[in-house]
Amino acid sequence: MNKTIRRASLFTLLLVLALLVRATWVQFYEGRALADDKDNRRNAIETYSAPLGNIIVGGRSVTGSAPTRTGDLRYKRTYTDGPLYAAVTGYASQAYAPTQLEGIYTDLLNGTDSRLKSVLDTLTNQRADPGNVVTTIDPDVQKAAYEALGDKKGGAVAVDPRTGRTLAVVSTPSYDPSSLTDANTAGAAWKKLTADPDKPLTNRALRQPLPPGSTFKLVVAAAALEDGLYASVDERTDSPDPYTLPGTTRQLTNENPDAPCTNASIRTALEYSCNNVFAKTAVKLGEDKVRAMAEKFGFNDDEQDVPVRAYTSVYPSGMYPSETALTGIGQFDVTATPLQMAMVSAAIANGGKLVSPHMVAQITDSGGDVLQDYDDTAGSKEIVSSSTAEQLQSAMRTVVEKGTGTNAQVPGATVGGKTGTAQHGENNSQVPYAWFTSYGKSGASGKEVAVAVVVEQSDAARSEVSGNGLAAPVAKAMMQAALKD
């Protein structure tokens, strides 16, 4: 064999070896990445080759699957009362990545979760029958919140303080997830939804942190009592009215100039929502102590999963005393979601213990056998002492009985709450945010609930925007639904 043939043979052998190495690399190392690539059409074809599992609310499925008429995707997702439950379910789309519970439990709902596979499924590599997601959502509470918010832009959350079961997660304006399920029509719907200035795809209950305003005064009050700065909610404080912010000439006043806020007790300061008391208290405690209490309630937690990941509610650091004063009334750089403020009321209502909020009770296989029970694994931690919790409960009742939160009164139930009207825009140039957080307990039914509501925008005149006027009636409707026999 001459030299030219030998070289050609060697070169050919090297090419064959290179092809074998490349094929091996693709098969064993890049295969999974290619299979999981979002642009791999085979994934969508496989996912929608059969009906998906369902999301259950109150024992009834609020999702379904329907045969398609055209294309290579045999089924598409459907929704019952889609706008009502959009903040819970999210959407499973042939064209876009799934969100909310649809996204978190994609593998369970499409049958690829390894826990669903039988021995035969594993041996034959067949897709298993899909599982189901059983939520903690109470359809009556969900509907009450959705209807009470109406055409207002806002969010609401309700939690059972004893169990952490989330009874309602509502965001308005909402959208119909069904509009995004079909690849043939989803593009136009997506363009319309994303162009909407009201941002209907934003989950305002879990993922829209805003200044909580005076509802944050509950956190400051808890810090003051736990620290021993004041022995009780009825001890008079050292709080001049107006209060001059430290290091400045700016005077902090109160919404009601006739309110008895000078040196007012915590009870009176919550009843009349006295800014001077809580700004001065925050400064006396110092930002570190206020932040420590806020973080015990859940602020600054960037892994707050219910199981949908909530946006972080923030209590800032590195502030001047004047800025710390403003955080005492829920302003400056303090932000919170309705979920976070519901957690504050829940811990107070539950004797100072916070049970981890969750909106999924169980996940099951197609036959209903439980794969995981989240109710059994919900942890709890002590946020404040039972004595502090009892005092704050009492002071919150005063707010509802004769203070700034009278619109939240529920006949036959014990209700405590706190209003908030948070400034919005430079120099408060835009319409304020209206907040209300509360707890309710029914002696007749034995039920309990903690609620938080924010109204981001409404048709009300600026002068009529208040936590009691806009948010408290929504909270009342939710509590009535949750506490009924």
# chains A, B, ... in the order shown; residues from 1 in each chain; ligands from 1

call {"tool": "select_by_dssp", "arguments": {"residues": "stretch 292-402 of chain A", "states": "helix (DSSP H, G or I)", "output": "MDAnalysis selection string"}}
result
chainID A and resid 292:297 321:327 338:349 374:377 386:402

call {"tool": "closest_residue", "arguments": {"among": "A:Leu229, A:Ala477, A:Val355, A:Leu245", "to": "A:Ser322", "atoms": "only C-alpha atoms"}}
result
A:Leu245

call {"tool": "residues_around", "arguments": {"residues": "A:Arg236", "least_positions_apart": "4", "cutoff": "9 Å", "atoms": "only C-alpha atoms", "output": "PyMOL selection string"}}
result
chain A and resi 230+232+263-266

call {"tool": "closest_residue", "arguments": {"among": "A:Ala481, A:Val370, A:Val400, A:Val290", "to": "A:Ser273", "atoms": "only C-alpha atoms"}}
result
A:Val400

call {"tool": "select_by_dssp", "arguments": {"residues": "stretch 131-347 of chain A", "states": "strand (DSSP E)", "output": "VMD selection string"}}
result
chain A and resid 132 to 135 153 to 159 166 to 172 243 to 244 251 to 252

call {"tool": "write_last_selection", "arguments": {"atoms": "N, CA, C and O atoms", "output": "CSV table (one decimal), in the first residue's frame"}}
result
chain,number,residue,atom,x,y,z
A,132,ASN,N,-52.9,15.2,40.0
A,132,ASN,CA,-53.7,16.4,40.3
A,132,ASN,C,-53.2,17.2,41.4
A,132,ASN,O,-52.5,16.7,42.3
A,133,VAL,N,-53.5,18.5,41.4
A,133,VAL,CA,-53.1,19.4,42.4
A,133,VAL,C,-54.3,19.9,43.2
A,133,VAL,O,-55.2,20.5,42.6
A,134,VAL,N,-54.4,19.6,44.5
A,134,VAL,CA,-55.5,19.9,45.3
A,134,VAL,C,-55.2,21.1,46.1
A,134,VAL,O,-54.3,21.1,47.0
A,135,THR,N,-55.8,22.2,45.9
A,135,THR,CA,-55.5,23.5,46.5
A,135,THR,C,-56.2,23.7,47.9
A,135,THR,O,-57.2,23.0,48.2
A,153,LYS,N,-58.2,48.1,40.8
A,153,LYS,CA,-56.9,47.5,40.6
A,153,LYS,C,-56.3,47.1,41.9
A,153,LYS,O,-56.1,48.0,42.7
A,154,GLY,N,-56.1,45.9,42.2
A,154,GLY,CA,-55.6,45.5,43.5
A,154,GLY,C,-55.4,44.0,43.7
A,154,GLY,O,-55.5,43.2,42.8
A,155,GLY,N,-55.1,43.7,45.0
A,155,GLY,CA,-54.9,42.3,45.3
A,155,GLY,C,-55.4,42.0,46.7
A,155,GLY,O,-55.5,42.9,47.5
A,156,ALA,N,-55.6,40.7,46.9
A,156,ALA,CA,-56.2,40.3,48.2
A,156,ALA,C,-55.7,38.8,48.5
A,156,ALA,O,-55.7,38.0,47.6
A,157,VAL,N,-55.5,38.6,49.8
A,157,VAL,CA,-55.1,37.3,50.3
A,157,VAL,C,-55.8,37.0,51.6
A,157,VAL,O,-55.9,37.9,52.4
A,158,ALA,N,-56.3,35.7,51.7
A,158,ALA,CA,-56.9,35.3,53.0
A,158,ALA,C,-56.2,34.0,53.4
A,158,ALA,O,-55.9,33.1,52.6
A,159,VAL,N,-55.9,33.9,54.7
A,159,VAL,CA,-55.1,32.7,55.3
A,159,VAL,C,-55.8,32.3,56.6
A,159,VAL,O,-56.3,33.1,57.3
A,166,THR,N,-54.1,28.8,52.7
A,166,THR,CA,-54.4,30.0,52.0
A,166,THR,C,-55.8,29.8,51.4
A,166,THR,O,-56.0,28.9,50.5
A,167,LEU,N,-56.7,30.7,51.8
A,167,LEU,CA,-58.1,30.5,51.4
A,167,LEU,C,-58.5,31.3,50.1
A,167,LEU,O,-59.5,31.0,49.4
A,168,ALA,N,-57.7,32.4,49.8
A,168,ALA,CA,-58.0,33.2,48.6
A,168,ALA,C,-56.7,33.9,48.2
A,168,ALA,O,-55.9,34.3,49.0
A,169,VAL,N,-56.5,33.9,46.9
A,169,VAL,CA,-55.4,34.7,46.2
A,169,VAL,C,-56.1,35.3,45.0
A,169,VAL,O,-56.3,34.6,44.0
A,170,VAL,N,-56.3,36.6,45.1
A,170,VAL,CA,-57.0,37.3,44.0
A,170,VAL,C,-56.2,38.5,43.6
A,170,VAL,O,-55.7,39.3,44.4
A,171,SER,N,-56.2,38.7,42.2
A,171,SER,CA,-55.6,39.9,41.6
A,171,SER,C,-56.5,40.5,40.6
A,171,SER,O,-57.0,39.7,39.7
A,172,THR,N,-56.7,41.8,40.6
A,172,THR,CA,-57.5,42.4,39.6
A,172,THR,C,-56.8,43.7,39.1
A,172,THR,O,-56.1,44.3,39.8
A,243,TYR,N,-44.3,65.7,65.0
A,243,TYR,CA,-43.0,65.1,65.3
A,243,TYR,C,-42.0,65.6,64.2
A,243,TYR,O,-42.2,65.4,63.0
A,244,THR,N,-40.9,66.2,64.7
A,244,THR,CA,-39.9,66.7,63.7
A,244,THR,C,-38.9,65.5,63.4
A,244,THR,O,-38.3,65.0,64.4
A,251,GLN,N,-41.6,68.5,59.6
A,251,GLN,CA,-42.6,68.0,60.7
A,251,GLN,C,-43.5,67.0,60.1
A,251,GLN,O,-44.1,67.2,59.0
A,252,LEU,N,-43.6,65.9,60.8
A,252,LEU,CA,-44.5,64.8,60.4
A,252,LEU,C,-45.9,65.0,61.2
A,252,LEU,O,-45.9,65.0,62.4

call {"tool": "residues_around", "arguments": {"residues": "A:Leu84", "least_positions_apart": "3", "cutoff": "7 Å", "atoms": "only C-alpha atoms", "output": "CSV table (one decimal) with N, CA and C atoms, in the first residue's frame"}}
result
chain,number,residue,atom,x,y,z
A,81,ASP,N,-64.2,29.3,35.1
A,81,ASP,CA,-64.0,30.5,35.8
A,81,ASP,C,-62.6,31.0,35.8
A,143,LYS,N,-64.3,34.0,45.6
A,143,LYS,CA,-65.3,34.7,44.9
A,143,LYS,C,-65.7,36.0,45.6
A,146,TYR,N,-62.9,38.5,44.8
A,146,TYR,CA,-62.9,38.9,43.4
A,146,TYR,C,-64.1,39.9,43.1

call {"tool": "residues_around", "arguments": {"residues": "A:Glu382", "least_positions_apart": "4", "cutoff": "10 Å", "atoms": "only C-alpha atoms", "output": "short mmCIF file (atom, residue, chain, number, x, y, z; two decimals) with C-alpha atoms, in the first residue's frame"}}
result
data_model
loop_
_atom_site.label_atom_id
_atom_site.label_comp_id
_atom_site.auth_asym_id
_atom_site.auth_seq_id
_atom_site.Cartn_x
_atom_site.Cartn_y
_atom_site.Cartn_z
CA LYS A 296 -39.43 37.52 61.80
CA PHE A 297 -42.76 38.23 60.11
CA ALA A 347 -49.28 35.56 63.41
CA ASN A 350 -52.60 32.88 66.22
CA GLY A 351 -51.13 33.86 69.58
CA GLY A 352 -47.84 35.03 68.10
CA LYS A 353 -47.10 31.92 66.01
CA LEU A 354 -46.90 32.03 62.24
CA VAL A 355 -47.82 28.85 60.37
CA SER A 386 -48.53 35.25 73.36
#

call {"tool": "closest_atom_pairs", "arguments": {"of": "stretch 235-310 of chain A", "to": "stretch 340-343 of chain A", "cutoff": "9 Å", "atoms": "only C-alpha atoms", "output": "CSV"}}
result
residue,atom,partner,partner_atom,distance
A:Phe297,CA,A:Met343,CA,6.9
A:Gly298,CA,A:Gln340,CA,6.7
A:Phe299,CA,A:Gln340,CA,7.4
A:Ala310,CA,A:Gln340,CA,9.0

call {"tool": "residues_around", "arguments": {"residues": "A:Ala259", "least_positions_apart": "2", "cutoff": "8 Å", "atoms": "only C-alpha atoms", "output": "count of residues only"}}
result
6

call {"tool": "closest_residue", "arguments": {"among": "A:Ser380, A:Gln430, A:Ser345, A:Thr106", "to": "A:Gln393", "atoms": "only C-alpha atoms"}}
result
A:Ser345

call {"tool": "residues_around", "arguments": {"residues": "A:Leu326", "least_positions_apart": "3", "cutoff": "10 Å", "atoms": "only C-alpha atoms", "output": "PyMOL selection string"}}
result
chain A and resi 213+245+252+275-276+278-280+282-283+321-323+329-334

call {"tool": "closest_residue", "arguments": {"among": "A:Gln391, A:Gly58, A:Gly82, A:Tyr374", "to": "A:Glu235", "atoms": "only C-alpha atoms"}}
result
A:Gln391

call {"tool": "decode", "arguments": {"residues": "stretch 84-232 of chain A", "atoms": "C-alpha atoms", "output": "short mmCIF file (atom, residue, chain, number, x, y, z; two decimals), in the first residue's frame"}}
result
data_model
loop_
_atom_site.label_atom_id
_atom_site.label_comp_id
_atom_site.auth_asym_id
_atom_site.auth_seq_id
_atom_site.Cartn_x
_atom_site.Cartn_y
_atom_site.Cartn_z
CA LEU A 84 -61.56 34.16 39.03
CA TYR A 85 -58.73 31.69 39.60
CA ALA A 86 -56.03 33.06 37.27
CA ALA A 87 -53.86 34.25 40.18
CA VAL A 88 -53.91 30.69 41.53
CA THR A 89 -53.72 28.48 38.44
CA GLY A 90 -51.73 30.65 36.07
CA TYR A 91 -51.84 29.22 32.56
CA ALA A 92 -50.57 26.19 30.63
CA SER A 93 -50.05 27.35 27.07
CA GLN A 94 -49.07 25.61 23.86
CA ALA A 95 -47.09 28.74 22.98
CA TYR A 96 -45.74 30.16 26.26
CA ALA A 97 -44.07 28.82 29.40
CA PRO A 98 -46.59 27.88 32.13
CA THR A 99 -47.00 30.06 35.23
CA GLN A 100 -48.21 29.83 38.84
CA LEU A 101 -49.37 26.32 39.84
CA GLU A 102 -49.45 25.23 36.21
CA GLY A 103 -45.75 26.01 36.01
CA ILE A 104 -44.67 24.61 39.37
CA TYR A 105 -46.43 21.29 38.87
CA THR A 106 -45.86 20.90 35.12
CA ASP A 107 -44.31 17.43 35.46
CA LEU A 108 -47.09 16.20 37.75
CA LEU A 109 -49.83 17.56 35.49
CA ASN A 110 -48.37 16.17 32.26
CA GLY A 111 -47.51 12.76 33.69
CA THR A 112 -43.71 12.96 33.57
CA ASP A 113 -43.18 13.19 37.34
CA SER A 114 -41.21 10.09 38.37
CA ARG A 115 -43.50 9.59 41.37
CA LEU A 116 -46.37 8.78 39.01
CA LYS A 117 -44.62 5.95 37.20
CA SER A 118 -45.43 2.31 37.89
CA VAL A 119 -42.83 -0.42 37.46
CA LEU A 120 -44.28 -1.16 34.02
CA ASP A 121 -44.14 2.53 33.06
CA THR A 122 -40.48 2.62 34.05
CA LEU A 123 -39.62 -0.53 32.09
CA THR A 124 -41.46 0.58 28.96
CA ASN A 125 -40.55 4.29 29.39
CA GLN A 126 -44.22 5.16 28.95
CA ARG A 127 -45.74 8.40 30.15
CA ALA A 128 -47.82 7.84 33.28
CA ASP A 129 -51.36 9.03 33.83
CA PRO A 130 -51.13 12.65 35.06
CA GLY A 131 -51.63 13.66 38.69
CA ASN A 132 -53.73 16.41 40.25
CA VAL A 133 -53.08 19.45 42.44
CA VAL A 134 -55.51 19.90 45.34
CA THR A 135 -55.50 23.51 46.53
CA THR A 136 -56.45 25.03 49.88
CA ILE A 137 -58.46 27.77 48.16
CA ASP A 138 -62.01 28.26 49.46
CA PRO A 139 -64.18 29.07 46.42
CA ASP A 140 -66.56 31.22 48.50
CA VAL A 141 -63.74 33.38 49.90
CA GLN A 142 -62.09 33.61 46.48
CA LYS A 143 -65.33 34.73 44.86
CA ALA A 144 -66.09 37.22 47.65
CA ALA A 145 -62.70 38.88 47.20
CA TYR A 146 -62.94 38.93 43.41
CA GLU A 147 -66.42 40.45 43.37
CA ALA A 148 -65.63 42.97 46.13
CA LEU A 149 -62.54 44.21 44.30
CA GLY A 150 -64.62 44.47 41.14
CA ASP A 151 -63.14 46.90 38.64
CA LYS A 152 -60.58 48.22 41.12
CA LYS A 153 -56.91 47.47 40.56
CA GLY A 154 -55.63 45.52 43.55
CA GLY A 155 -54.87 42.27 45.30
CA ALA A 156 -56.15 40.27 48.25
CA VAL A 157 -55.06 37.26 50.28
CA ALA A 158 -56.85 35.28 53.00
CA VAL A 159 -55.14 32.75 55.27
CA ASP A 160 -56.33 30.45 58.06
CA PRO A 161 -53.97 31.57 60.86
CA ARG A 162 -54.12 28.22 62.67
CA THR A 163 -53.17 26.02 59.71
CA GLY A 164 -51.53 28.33 57.16
CA ARG A 165 -54.02 27.20 54.53
CA THR A 166 -54.43 30.00 51.99
CA LEU A 167 -58.13 30.53 51.36
CA ALA A 168 -57.99 33.18 48.64
CA VAL A 169 -55.44 34.68 46.25
CA VAL A 170 -57.03 37.32 44.04
CA SER A 171 -55.57 39.89 41.65
CA THR A 172 -57.53 42.43 39.63
CA PRO A 173 -57.86 43.23 36.84
CA SER A 174 -57.59 39.59 35.90
CA TYR A 175 -57.49 37.75 32.59
CA ASP A 176 -58.83 34.52 31.11
CA PRO A 177 -56.06 31.90 30.92
CA SER A 178 -58.04 30.14 28.19
CA SER A 179 -57.08 32.93 25.79
CA LEU A 180 -53.45 31.81 25.97
CA THR A 181 -53.83 28.05 25.66
CA ASP A 182 -54.21 27.59 21.89
CA ALA A 183 -51.03 28.18 19.86
CA ASN A 184 -53.11 29.46 16.95
CA THR A 185 -54.68 32.32 18.92
CA ALA A 186 -52.32 32.85 21.88
CA GLY A 187 -50.08 35.34 20.07
CA ALA A 188 -52.78 37.95 19.61
CA ALA A 189 -54.02 37.49 23.17
CA TRP A 190 -50.49 37.75 24.56
CA LYS A 191 -49.84 40.97 22.65
CA LYS A 192 -53.05 42.50 23.97
CA LEU A 193 -52.43 41.45 27.58
CA THR A 194 -48.82 42.62 27.68
CA ALA A 195 -49.74 45.97 26.12
CA ASP A 196 -52.51 46.61 28.67
CA PRO A 197 -51.34 49.42 31.02
CA ASP A 198 -53.28 47.81 33.88
CA LYS A 199 -50.97 44.76 33.64
CA PRO A 200 -53.54 41.99 34.13
CA LEU A 201 -50.83 39.31 33.98
CA THR A 202 -49.24 40.70 37.18
CA ASN A 203 -50.18 38.73 40.28
CA ARG A 204 -50.81 41.64 42.65
CA ALA A 205 -51.59 39.35 45.57
CA LEU A 206 -48.17 37.68 45.59
CA ARG A 207 -45.84 39.50 43.23
CA GLN A 208 -46.52 43.24 43.45
CA PRO A 209 -44.83 44.68 46.58
CA LEU A 210 -45.99 48.22 47.40
CA PRO A 211 -45.50 50.61 50.33
CA PRO A 212 -47.76 49.17 53.07
CA GLY A 213 -48.40 52.51 54.74
CA SER A 214 -49.89 52.42 58.21
CA THR A 215 -50.52 48.67 58.19
CA PHE A 216 -46.77 48.38 58.92
CA LYS A 217 -47.41 50.10 62.26
CA LEU A 218 -48.41 46.66 63.57
CA VAL A 219 -44.83 45.49 63.03
CA VAL A 220 -43.42 48.53 64.83
CA ALA A 221 -45.88 48.05 67.68
CA ALA A 222 -44.83 44.40 68.00
CA ALA A 223 -41.17 45.41 68.10
CA ALA A 224 -41.82 48.01 70.80
CA LEU A 225 -43.71 45.57 73.02
CA GLU A 226 -41.24 42.71 72.55
CA ASP A 227 -38.30 45.03 73.24
CA GLY A 228 -39.90 46.35 76.41
CA LEU A 229 -39.86 49.93 75.15
CA TYR A 230 -43.47 50.03 76.32
CA ALA A 231 -44.92 47.60 78.82
CA SER A 232 -48.38 47.50 77.29
#
